[in-house]
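Remarks on the structure that follows.
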Amino acid sequence: MSIEVQFFASLRESLGKQQVTLGYSDGLDVQAVWQQASDGAAMPDNTLCAINMEYVKTETPVNDGDEVAFFPPVTGG
Amino acid sequence: MSIEVQFFASLRESLGKQQVTLGYSDGLDVQAVWQQASDGAAMPDNTLCAINMEYVKTETPVNDGDEVAFFPPVTGG
Amino acid sequence: MPAILLDTVFNPWDELQSYQEKHLQAGRYGATATFVGTMRDFNIDDSVSHMTLEHYPAMTQNFLDKLCAQSREKFALDDCLIIHRYGDIKPNEPIVLTVAWSAHRAQAFDACRYLMEELKARAPFWKKEITAGGERWVHDELRSSEK
Amino acid sequence: MPAILLDTVFNPWDELQSYQEKHLQAGRYGATATFVGTMRDFNIDDSVSHMTLEHYPAMTQNFLDKLCAQSREKFALDDCLIIHRYGDIKPNEPIVLTVAWSAHRAQAFDACRYLMEELKARAPFWKKEITAGGERWVHDELRSSEK
């Protein structure tokens with residue numbers, strides 16, 4: 001019964017954490033996972049969210065066992 | 001006092017000649033050069049013309065010493 | 001149609017040839033379009049000494065694999081290839097290679113560009129530049145010179 | 001920014017690298033877009049055993065030189081390169097290479113494509129294919145498969 005949360009790049013640095021494991025509870029969505037994992041920090045406007053390696057919106061429901069990731073706009077290539 | 005005329009590819013084969021040297025006379029244009037150099041053959045609709053390595057139209061005047069070329073649509077690359 | 005993530009310097013042209021000889025059927029493809037992105041030593045005004053490219057390994061691989069598969073459906077390709085660096089990168093080192101092989105010129109060009117545009121827009125990589133003035137994450141507003 | 005005409009087999013990737021090492025300044029260009037056109041062994045329905053590529057030497061050189069110069073004016077390029085074969089060509093041999101180096105991805109892609117489209121539309125080359133059924137000049141109506 002857990003959710004694994006990951007932060008990348010500038011978000012990882014500004015929050016001071018790379019990975020957090022949360023307990024699972026019914027009715028969680030991506031926004032609620034952020035709130036718990038970030039200790040209530042405001043989510044920057046341009047933050048991107050993924051569940052299990054796929055882009056999702058902040059209102060997407062989260063299931064037990066999901067890997068949820070938060071990161072800034074990408075700058076590869 | 002001469003014009004050098006060149007034919008390429010399928011035009012060269014259908015006319016049976018690669019190069020013809022014509023005497024220069026006043027008032028020549030590309031169409032007239034074709035008529036003389038091809039012995040009066042009809043110019044295929046899609047024929048391209050060049051004077052001194054630059055594309056021109058059939059009504060372009062020809063000067064003494066010019067190199068005039070006729071060829072079919074290009075198919076390089 | 002692989003997407004390959006590497007943390008060491010690679011020669012894009014050698015990789016391309018090696019892949020082509022191994023996987024492409026001689027005489028079938030007529031058009032090969034490629035793009036190589038190379039690290040420059042300037043961005044905006046500061047001189048950049050080197051760069052760290054962070055990624056989200058499993059998602060990055062997943063994203064690029066799907067991008068290759070989508071491109072093969074969207075365009076008439078014989079094959080495509082993506083190679084992308086991560087980790088520490090120095091100026092003049094290749095960062096990314098995209099290749100599209102097709103019987104048709106337009107399809108090869110379009111697919112190669114599609115691979116790059118999608119990768120740039122959505123593949124989870126983040127550049128941090130190390131300059132004389134310190135470290136900085138590359139943000140959108142710093143990328144006008146890359147357009 | 002040379003345009004090179006060759007009557008022998010060439011390796012486009014080796015030529016590209018050799019030119020790049022000699023003429024491009026390390027760390028200045030970030031984007032390299034390339035296209036290679038290779039002879040296929042099929043066109044329409046007949047099997048093509050080989051091909052002869054006729055050209056108009058002085059005009060072809062002149063045209064490609066100007067095309068390189070125009071492209072450098074039209075796009076923000078560090079450099080560009082065209083290599084084109086003429087004479088007898090066998091299946092799977094490269095016919096043409098175009099390369100555009102730029103600081104900017106879009107400029108490199110656009111310029112590389114511009115080089116190829118202009119070359120295809122206007123450079124004085126003519127292909128004659130040798131098939132099981134005899135020789136034939138390639139005409140526009142035979143080129144749909146090349147688009």
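Going by the structure tokens order, chains are called A, B, ..., each with residues numbered from 1, while ligands are numbered from 1 in the order shown.
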
Taking only C-alpha atoms into account and nothing else, which residues of chain C lie no more than 7 Å away from chain D? Please answer as a count of residues only. 26

Fit chain A to chain B, all Cα atoms paired in order, least squares. Then write it as a CSV table (one decimal) with N, CA and C atoms, in the first residue's frame.
chain,number,residue,atom,x,y,z
A,1,MET,N,32.7,34.6,-84.6
A,1,MET,CA,31.3,34.8,-84.9
A,1,MET,C,30.6,33.4,-84.9
A,2,SER,N,30.4,32.8,-83.7
A,2,SER,CA,29.7,31.5,-83.6
A,2,SER,C,29.0,31.3,-82.3
A,3,ILE,N,28.1,30.4,-82.4
A,3,ILE,CA,27.3,30.0,-81.2
A,3,ILE,C,27.5,28.5,-81.0
A,4,GLU,N,27.8,28.1,-79.8
A,4,GLU,CA,28.0,26.7,-79.6
A,4,GLU,C,26.7,26.1,-78.9
A,5,VAL,N,26.2,25.1,-79.5
A,5,VAL,CA,24.9,24.5,-79.1
A,5,VAL,C,25.1,23.1,-78.6
A,6,GLN,N,24.5,22.8,-77.4
A,6,GLN,CA,24.7,21.5,-76.8
A,6,GLN,C,23.3,20.9,-76.5
A,7,PHE,N,23.2,19.6,-76.7
A,7,PHE,CA,22.0,18.8,-76.4
A,7,PHE,C,22.4,17.8,-75.4
A,8,PHE,N,21.4,17.5,-74.4
A,8,PHE,CA,21.7,16.5,-73.4
A,8,PHE,C,20.6,15.5,-73.3
A,9,ALA,N,21.1,14.3,-72.8
A,9,ALA,CA,20.2,13.2,-72.4
A,9,ALA,C,19.2,12.8,-73.5
A,10,SER,N,17.9,12.7,-73.3
A,10,SER,CA,17.0,12.1,-74.3
A,10,SER,C,17.0,13.0,-75.6
A,11,LEU,N,17.2,14.3,-75.4
A,11,LEU,CA,17.2,15.2,-76.6
A,11,LEU,C,18.5,14.9,-77.4
A,12,ARG,N,19.6,14.7,-76.8
A,12,ARG,CA,20.8,14.3,-77.5
A,12,ARG,C,20.6,13.0,-78.3
A,13,GLU,N,19.9,12.1,-77.7
A,13,GLU,CA,19.7,10.8,-78.4
A,13,GLU,C,18.7,10.9,-79.5
A,14,SER,N,17.6,11.7,-79.2
A,14,SER,CA,16.5,11.7,-80.3
A,14,SER,C,17.0,12.6,-81.5
A,15,LEU,N,17.8,13.6,-81.2
A,15,LEU,CA,18.3,14.4,-82.3
A,15,LEU,C,19.5,13.8,-83.0
A,16,GLY,N,20.1,12.9,-82.3
A,16,GLY,CA,21.3,12.2,-82.8
A,16,GLY,C,22.5,13.1,-82.8
A,17,LYS,N,22.5,14.2,-82.0
A,17,LYS,CA,23.7,15.0,-82.0
A,17,LYS,C,23.9,15.6,-80.6
A,18,GLN,N,25.2,15.8,-80.2
A,18,GLN,CA,25.5,16.3,-78.9
A,18,GLN,C,25.9,17.8,-78.9
A,19,GLN,N,26.5,18.2,-80.0
A,19,GLN,CA,27.0,19.5,-80.1
A,19,GLN,C,27.0,20.0,-81.5
A,20,VAL,N,26.6,21.3,-81.7
A,20,VAL,CA,26.6,21.9,-83.1
A,20,VAL,C,27.1,23.3,-82.9
A,21,THR,N,28.0,23.7,-83.9
A,21,THR,CA,28.4,25.1,-83.9
A,21,THR,C,27.7,25.9,-85.0
A,22,LEU,N,27.0,27.0,-84.6
A,22,LEU,CA,26.3,27.7,-85.6
A,22,LEU,C,27.0,29.1,-85.9
A,23,GLY,N,26.9,29.6,-87.1
A,23,GLY,CA,27.4,31.0,-87.3
A,23,GLY,C,26.5,31.9,-86.6
A,24,TYR,N,27.0,33.1,-86.2
A,24,TYR,CA,26.2,34.1,-85.5
A,24,TYR,C,25.6,35.0,-86.5
A,25,SER,N,24.3,35.4,-86.2
A,25,SER,CA,23.7,36.5,-87.0
A,25,SER,C,22.9,37.3,-86.1
A,26,ASP,N,22.7,38.6,-86.4
A,26,ASP,CA,21.9,39.5,-85.6
A,26,ASP,C,20.5,39.0,-85.4
A,27,GLY,N,20.0,39.3,-84.2
A,27,GLY,CA,18.6,39.1,-83.9
A,27,GLY,C,18.2,37.6,-83.5
A,28,LEU,N,19.2,36.8,-83.3
A,28,LEU,CA,19.0,35.4,-82.9
A,28,LEU,C,18.4,35.3,-81.5
A,29,ASP,N,17.4,34.5,-81.3
A,29,ASP,CA,17.0,34.1,-80.0
A,29,ASP,C,17.1,32.6,-79.8
A,30,VAL,N,16.8,32.2,-78.6
A,30,VAL,CA,17.0,30.8,-78.3
A,30,VAL,C,16.1,29.8,-79.2
A,31,GLN,N,14.9,30.3,-79.4
A,31,GLN,CA,14.0,29.5,-80.3
A,31,GLN,C,14.7,29.3,-81.7
A,32,ALA,N,15.2,30.4,-82.2
A,32,ALA,CA,15.8,30.4,-83.6
A,32,ALA,C,17.1,29.5,-83.6
A,33,VAL,N,17.8,29.5,-82.5
A,33,VAL,CA,19.0,28.7,-82.4
A,33,VAL,C,18.6,27.2,-82.4
A,34,TRP,N,17.5,26.9,-81.6
A,34,TRP,CA,17.0,25.5,-81.7
A,34,TRP,C,16.7,25.1,-83.1
A,35,GLN,N,15.9,26.0,-83.8
A,35,GLN,CA,15.5,25.6,-85.2
A,35,GLN,C,16.7,25.3,-86.1
A,36,GLN,N,17.7,26.1,-86.0
A,36,GLN,CA,18.9,25.9,-86.9
A,36,GLN,C,19.6,24.6,-86.4
A,37,ALA,N,19.8,24.5,-85.1
A,37,ALA,CA,20.7,23.4,-84.6
A,37,ALA,C,20.0,22.1,-84.8
A,38,SER,N,18.7,22.1,-84.7
A,38,SER,CA,17.9,20.8,-84.7
A,38,SER,C,17.5,20.4,-86.1
A,39,ASP,N,17.8,21.2,-87.1
A,39,ASP,CA,17.4,21.0,-88.5
A,39,ASP,C,15.8,21.0,-88.5
A,40,GLY,N,15.2,21.9,-87.8
A,40,GLY,CA,13.8,22.1,-87.9
A,40,GLY,C,12.9,21.2,-87.1
A,41,ALA,N,13.5,20.3,-86.2
A,41,ALA,CA,12.7,19.5,-85.4
A,41,ALA,C,11.8,20.3,-84.5
A,42,ALA,N,10.6,19.8,-84.1
A,42,ALA,CA,9.8,20.5,-83.1
A,42,ALA,C,10.4,20.4,-81.7
A,43,MET,N,10.4,21.5,-81.0
A,43,MET,CA,11.0,21.4,-79.6
A,43,MET,C,10.0,20.8,-78.7
A,44,PRO,N,10.3,19.7,-78.0
A,44,PRO,CA,9.4,19.1,-77.0
A,44,PRO,C,8.9,20.2,-76.0
A,45,ASP,N,7.7,20.1,-75.6
A,45,ASP,CA,7.1,21.1,-74.7
A,45,ASP,C,7.9,21.4,-73.4
A,46,ASN,N,8.4,20.3,-72.8
A,46,ASN,CA,9.1,20.5,-71.5
A,46,ASN,C,10.6,20.8,-71.6
A,47,THR,N,11.1,21.1,-72.8
A,47,THR,CA,12.5,21.4,-73.0
A,47,THR,C,13.0,22.6,-72.2
A,48,LEU,N,14.1,22.4,-71.5
A,48,LEU,CA,14.7,23.5,-70.8
A,48,LEU,C,15.9,24.1,-71.6
A,49,CYS,N,16.1,25.4,-71.4
A,49,CYS,CA,17.1,26.1,-72.2
A,49,CYS,C,18.0,26.8,-71.3
A,50,ALA,N,19.3,26.9,-71.6
A,50,ALA,CA,20.3,27.6,-70.9
A,50,ALA,C,21.2,28.4,-71.8
A,51,ILE,N,21.6,29.6,-71.4
A,51,ILE,CA,22.7,30.3,-72.1
A,51,ILE,C,23.8,30.5,-71.1
A,52,ASN,N,25.0,30.1,-71.5
A,52,ASN,CA,26.1,30.3,-70.6
A,52,ASN,C,25.9,29.8,-69.2
A,53,MET,N,25.3,28.6,-69.1
A,53,MET,CA,25.1,27.9,-67.8
A,53,MET,C,24.0,28.5,-66.9
A,54,GLU,N,23.1,29.4,-67.5
A,54,GLU,CA,22.0,29.9,-66.7
A,54,GLU,C,20.7,29.6,-67.5
A,55,TYR,N,19.7,29.2,-66.7
A,55,TYR,CA,18.4,29.0,-67.3
A,55,TYR,C,17.8,30.2,-68.0
A,56,VAL,N,17.3,30.1,-69.2
A,56,VAL,CA,16.6,31.2,-69.9
A,56,VAL,C,15.4,30.7,-70.6
A,57,LYS,N,14.6,31.7,-71.1
A,57,LYS,CA,13.4,31.3,-71.8
A,57,LYS,C,13.7,31.3,-73.3
A,58,THR,N,12.8,30.7,-74.1
A,58,THR,CA,13.0,30.5,-75.5
A,58,THR,C,13.1,31.9,-76.3
A,59,GLU,N,12.5,32.9,-75.7
A,59,GLU,CA,12.6,34.2,-76.4
A,59,GLU,C,13.8,35.1,-76.0
A,60,THR,N,14.6,34.5,-75.2
A,60,THR,CA,15.8,35.3,-74.8
A,60,THR,C,16.8,35.5,-76.0
A,61,PRO,N,17.3,36.7,-76.2
A,61,PRO,CA,18.3,36.9,-77.3
A,61,PRO,C,19.6,36.2,-77.0
A,62,VAL,N,20.2,35.8,-78.1
A,62,VAL,CA,21.5,35.1,-78.0
A,62,VAL,C,22.6,36.0,-78.6
A,63,ASN,N,23.7,36.1,-77.9
A,63,ASN,CA,24.8,36.9,-78.4
A,63,ASN,C,25.9,36.1,-79.0
A,64,ASP,N,26.7,36.7,-79.8
A,64,ASP,CA,27.9,36.0,-80.4
A,64,ASP,C,28.8,35.4,-79.3
A,65,GLY,N,29.2,34.2,-79.5
A,65,GLY,CA,30.1,33.5,-78.5
A,65,GLY,C,29.3,32.8,-77.4
A,66,ASP,N,28.0,32.9,-77.4
A,66,ASP,CA,27.2,32.2,-76.3
A,66,ASP,C,27.3,30.7,-76.5
A,67,GLU,N,27.2,30.0,-75.3
A,67,GLU,CA,26.9,28.6,-75.3
A,67,GLU,C,25.5,28.4,-75.0
A,68,VAL,N,24.7,27.8,-75.9
A,68,VAL,CA,23.3,27.5,-75.7
A,68,VAL,C,23.1,26.0,-75.5
A,69,ALA,N,22.3,25.7,-74.5
A,69,ALA,CA,22.1,24.3,-74.2
A,69,ALA,C,20.6,24.0,-74.1
A,70,PHE,N,20.2,22.8,-74.6
A,70,PHE,CA,18.8,22.3,-74.6
A,70,PHE,C,18.8,20.9,-73.9
A,71,PHE,N,17.9,20.8,-72.9
A,71,PHE,CA,17.8,19.5,-72.3
A,71,PHE,C,16.4,19.2,-71.7
A,72,PRO,N,16.1,18.0,-71.4
A,72,PRO,CA,14.8,17.6,-70.9
A,72,PRO,C,14.8,17.9,-69.4
A,73,PRO,N,13.6,17.8,-68.7
A,73,PRO,CA,13.5,18.0,-67.3
A,73,PRO,C,14.5,17.2,-66.5
A,74,VAL,N,15.1,17.8,-65.5
A,74,VAL,CA,16.2,17.2,-64.8
A,74,VAL,C,15.7,16.1,-63.8
A,75,THR,N,16.6,15.2,-63.6
A,75,THR,CA,16.2,14.0,-62.7
A,75,THR,C,17.3,13.6,-61.8
A,76,GLY,N,18.0,14.6,-61.2
A,76,GLY,CA,19.2,14.3,-60.4
A,76,GLY,C,18.7,14.0,-58.9
A,77,GLY,N,19.7,13.9,-58.1
A,77,GLY,CA,19.5,13.8,-56.6
A,77,GLY,C,19.2,12.4,-56.2

Any idea what's packed within 7 Å of Met1 in chain C, counting only C-alpha atoms, ignoring anything in its chain fewer than 2 positions away? Could you give it as a PyMOL selection string? chain C and resi 3+68+79-81

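In this model, the gap between CA of Ala76 in chain C and CA of Phe125 in chain C comes to 28.1 Å.
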
Give me, as a PyMOL selection string, the residues of chain D touching chain B, with the criterion being at most 7 Å (counting only C-alpha atoms). chain D and resi 37+54+59+95-96+119-127+137-138

Figure out the distance between CA of Leu5 in chain D and CA of Gly134 in chain D, please, to one decimal in Å. 27.1 Å

Hey, can you check how far CA of Tyr86 in chain C sits from CA of Ala132 in chain C?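 Here the two named atoms are 21.8 Å from each other.
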
If you run DSSP on the backbone here, which positions in chain D get helix (DSSP H, G or I)? Please write them as a PDB file with C-alpha atoms, in the first residue's frame.
ATOM      1  CA  PRO D  12      28.913  10.178 -47.455  1.00  0.00           C
ATOM      2  CA  TRP D  13      29.445   9.807 -43.697  1.00  0.00           C
ATOM      3  CA  ASP D  14      33.217   9.692 -43.999  1.00  0.00           C
ATOM      4  CA  GLU D  15      33.217  12.687 -46.349  1.00  0.00           C
ATOM      5  CA  LEU D  16      30.973  14.598 -43.961  1.00  0.00           C
ATOM      6  CA  GLN D  17      33.240  13.917 -40.990  1.00  0.00           C
ATOM      7  CA  SER D  18      36.363  14.715 -42.887  1.00  0.00           C
ATOM      8  CA  TYR D  19      34.915  18.026 -44.094  1.00  0.00           C
ATOM      9  CA  GLN D  20      33.585  18.857 -40.646  1.00  0.00           C
ATOM     10  CA  GLU D  21      36.899  18.246 -38.921  1.00  0.00           C
ATOM     11  CA  LYS D  22      38.724  20.351 -41.476  1.00  0.00           C
ATOM     12  CA  HIS D  23      36.340  23.287 -41.897  1.00  0.00           C
ATOM     13  CA  PRO D  57      29.510  19.557 -66.112  1.00  0.00           C
ATOM     14  CA  ALA D  58      30.138  23.304 -66.106  1.00  0.00           C
ATOM     15  CA  MET D  59      26.485  24.231 -65.551  1.00  0.00           C
ATOM     16  CA  THR D  60      25.984  21.619 -62.846  1.00  0.00           C
ATOM     17  CA  GLN D  61      29.008  22.862 -60.920  1.00  0.00           C
ATOM     18  CA  ASN D  62      27.925  26.458 -61.403  1.00  0.00           C
ATOM     19  CA  PHE D  63      24.370  25.693 -60.282  1.00  0.00           C
ATOM     20  CA  LEU D  64      25.425  23.816 -57.140  1.00  0.00           C
ATOM     21  CA  ASP D  65      28.023  26.428 -56.177  1.00  0.00           C
ATOM     22  CA  LYS D  66      25.366  29.137 -56.393  1.00  0.00           C
ATOM     23  CA  LEU D  67      22.893  26.983 -54.488  1.00  0.00           C
ATOM     24  CA  CYS D  68      25.382  26.676 -51.615  1.00  0.00           C
ATOM     25  CA  ALA D  69      25.982  30.424 -51.618  1.00  0.00           C
ATOM     26  CA  GLN D  70      22.232  31.206 -51.732  1.00  0.00           C
ATOM     27  CA  SER D  71      21.555  28.828 -48.856  1.00  0.00           C
ATOM     28  CA  ARG D  72      24.150  30.549 -46.717  1.00  0.00           C
ATOM     29  CA  GLU D  73      22.393  33.858 -47.378  1.00  0.00           C
ATOM     30  CA  LYS D  74      18.878  32.492 -46.894  1.00  0.00           C
ATOM     31  CA  ARG D 105      17.966  23.289 -35.412  1.00  0.00           C
ATOM     32  CA  ALA D 106      15.227  24.779 -37.584  1.00  0.00           C
ATOM     33  CA  GLN D 107      17.724  26.557 -39.833  1.00  0.00           C
ATOM     34  CA  ALA D 108      19.758  23.374 -40.322  1.00  0.00           C
ATOM     35  CA  PHE D 109      16.680  21.293 -41.175  1.00  0.00           C
ATOM     36  CA  ASP D 110      15.224  23.938 -43.504  1.00  0.00           C
ATOM     37  CA  ALA D 111      18.508  24.532 -45.302  1.00  0.00           C
ATOM     38  CA  CYS D 112      19.254  20.828 -45.800  1.00  0.00           C
ATOM     39  CA  ARG D 113      15.827  20.317 -47.319  1.00  0.00           C
ATOM     40  CA  TYR D 114      16.129  23.458 -49.450  1.00  0.00           C
ATOM     41  CA  LEU D 115      19.440  22.195 -50.863  1.00  0.00           C
ATOM     42  CA  MET D 116      17.833  18.887 -51.853  1.00  0.00           C
ATOM     43  CA  GLU D 117      14.593  20.335 -53.251  1.00  0.00           C
ATOM     44  CA  GLU D 118      16.404  22.904 -55.381  1.00  0.00           C
ATOM     45  CA  LEU D 119      18.927  20.340 -56.557  1.00  0.00           C
ATOM     46  CA  LYS D 120      16.145  17.899 -57.524  1.00  0.00           C
ATOM     47  CA  ALA D 121      14.136  20.596 -59.288  1.00  0.00           C
ATOM     48  CA  ARG D 122      16.863  22.410 -61.182  1.00  0.00           C
ATOM     49  CA  ASP D 140       8.812  12.932 -64.285  1.00  0.00           C
ATOM     50  CA  GLU D 141       6.056  10.355 -64.492  1.00  0.00           C
ATOM     51  CA  LEU D 142       8.506   7.688 -63.355  1.00  0.00           C
ATOM     52  CA  SER D 144       6.379   9.435 -58.131  1.00  0.00           C
ATOM     53  CA  SER D 145       8.111   6.809 -56.041  1.00  0.00           C
ATOM     54  CA  GLU D 146      10.921   9.246 -55.280  1.00  0.00           C
TER      55      GLU D 146
END

Please identify the strand (DSSP E) residues within chain D (assignment by DSSP from backbone atoms) and present them as a ChimeraX atom specification. /D:3-6,31-38,42-43,46-55,77-85,87-89,94-102,125-131,134-137
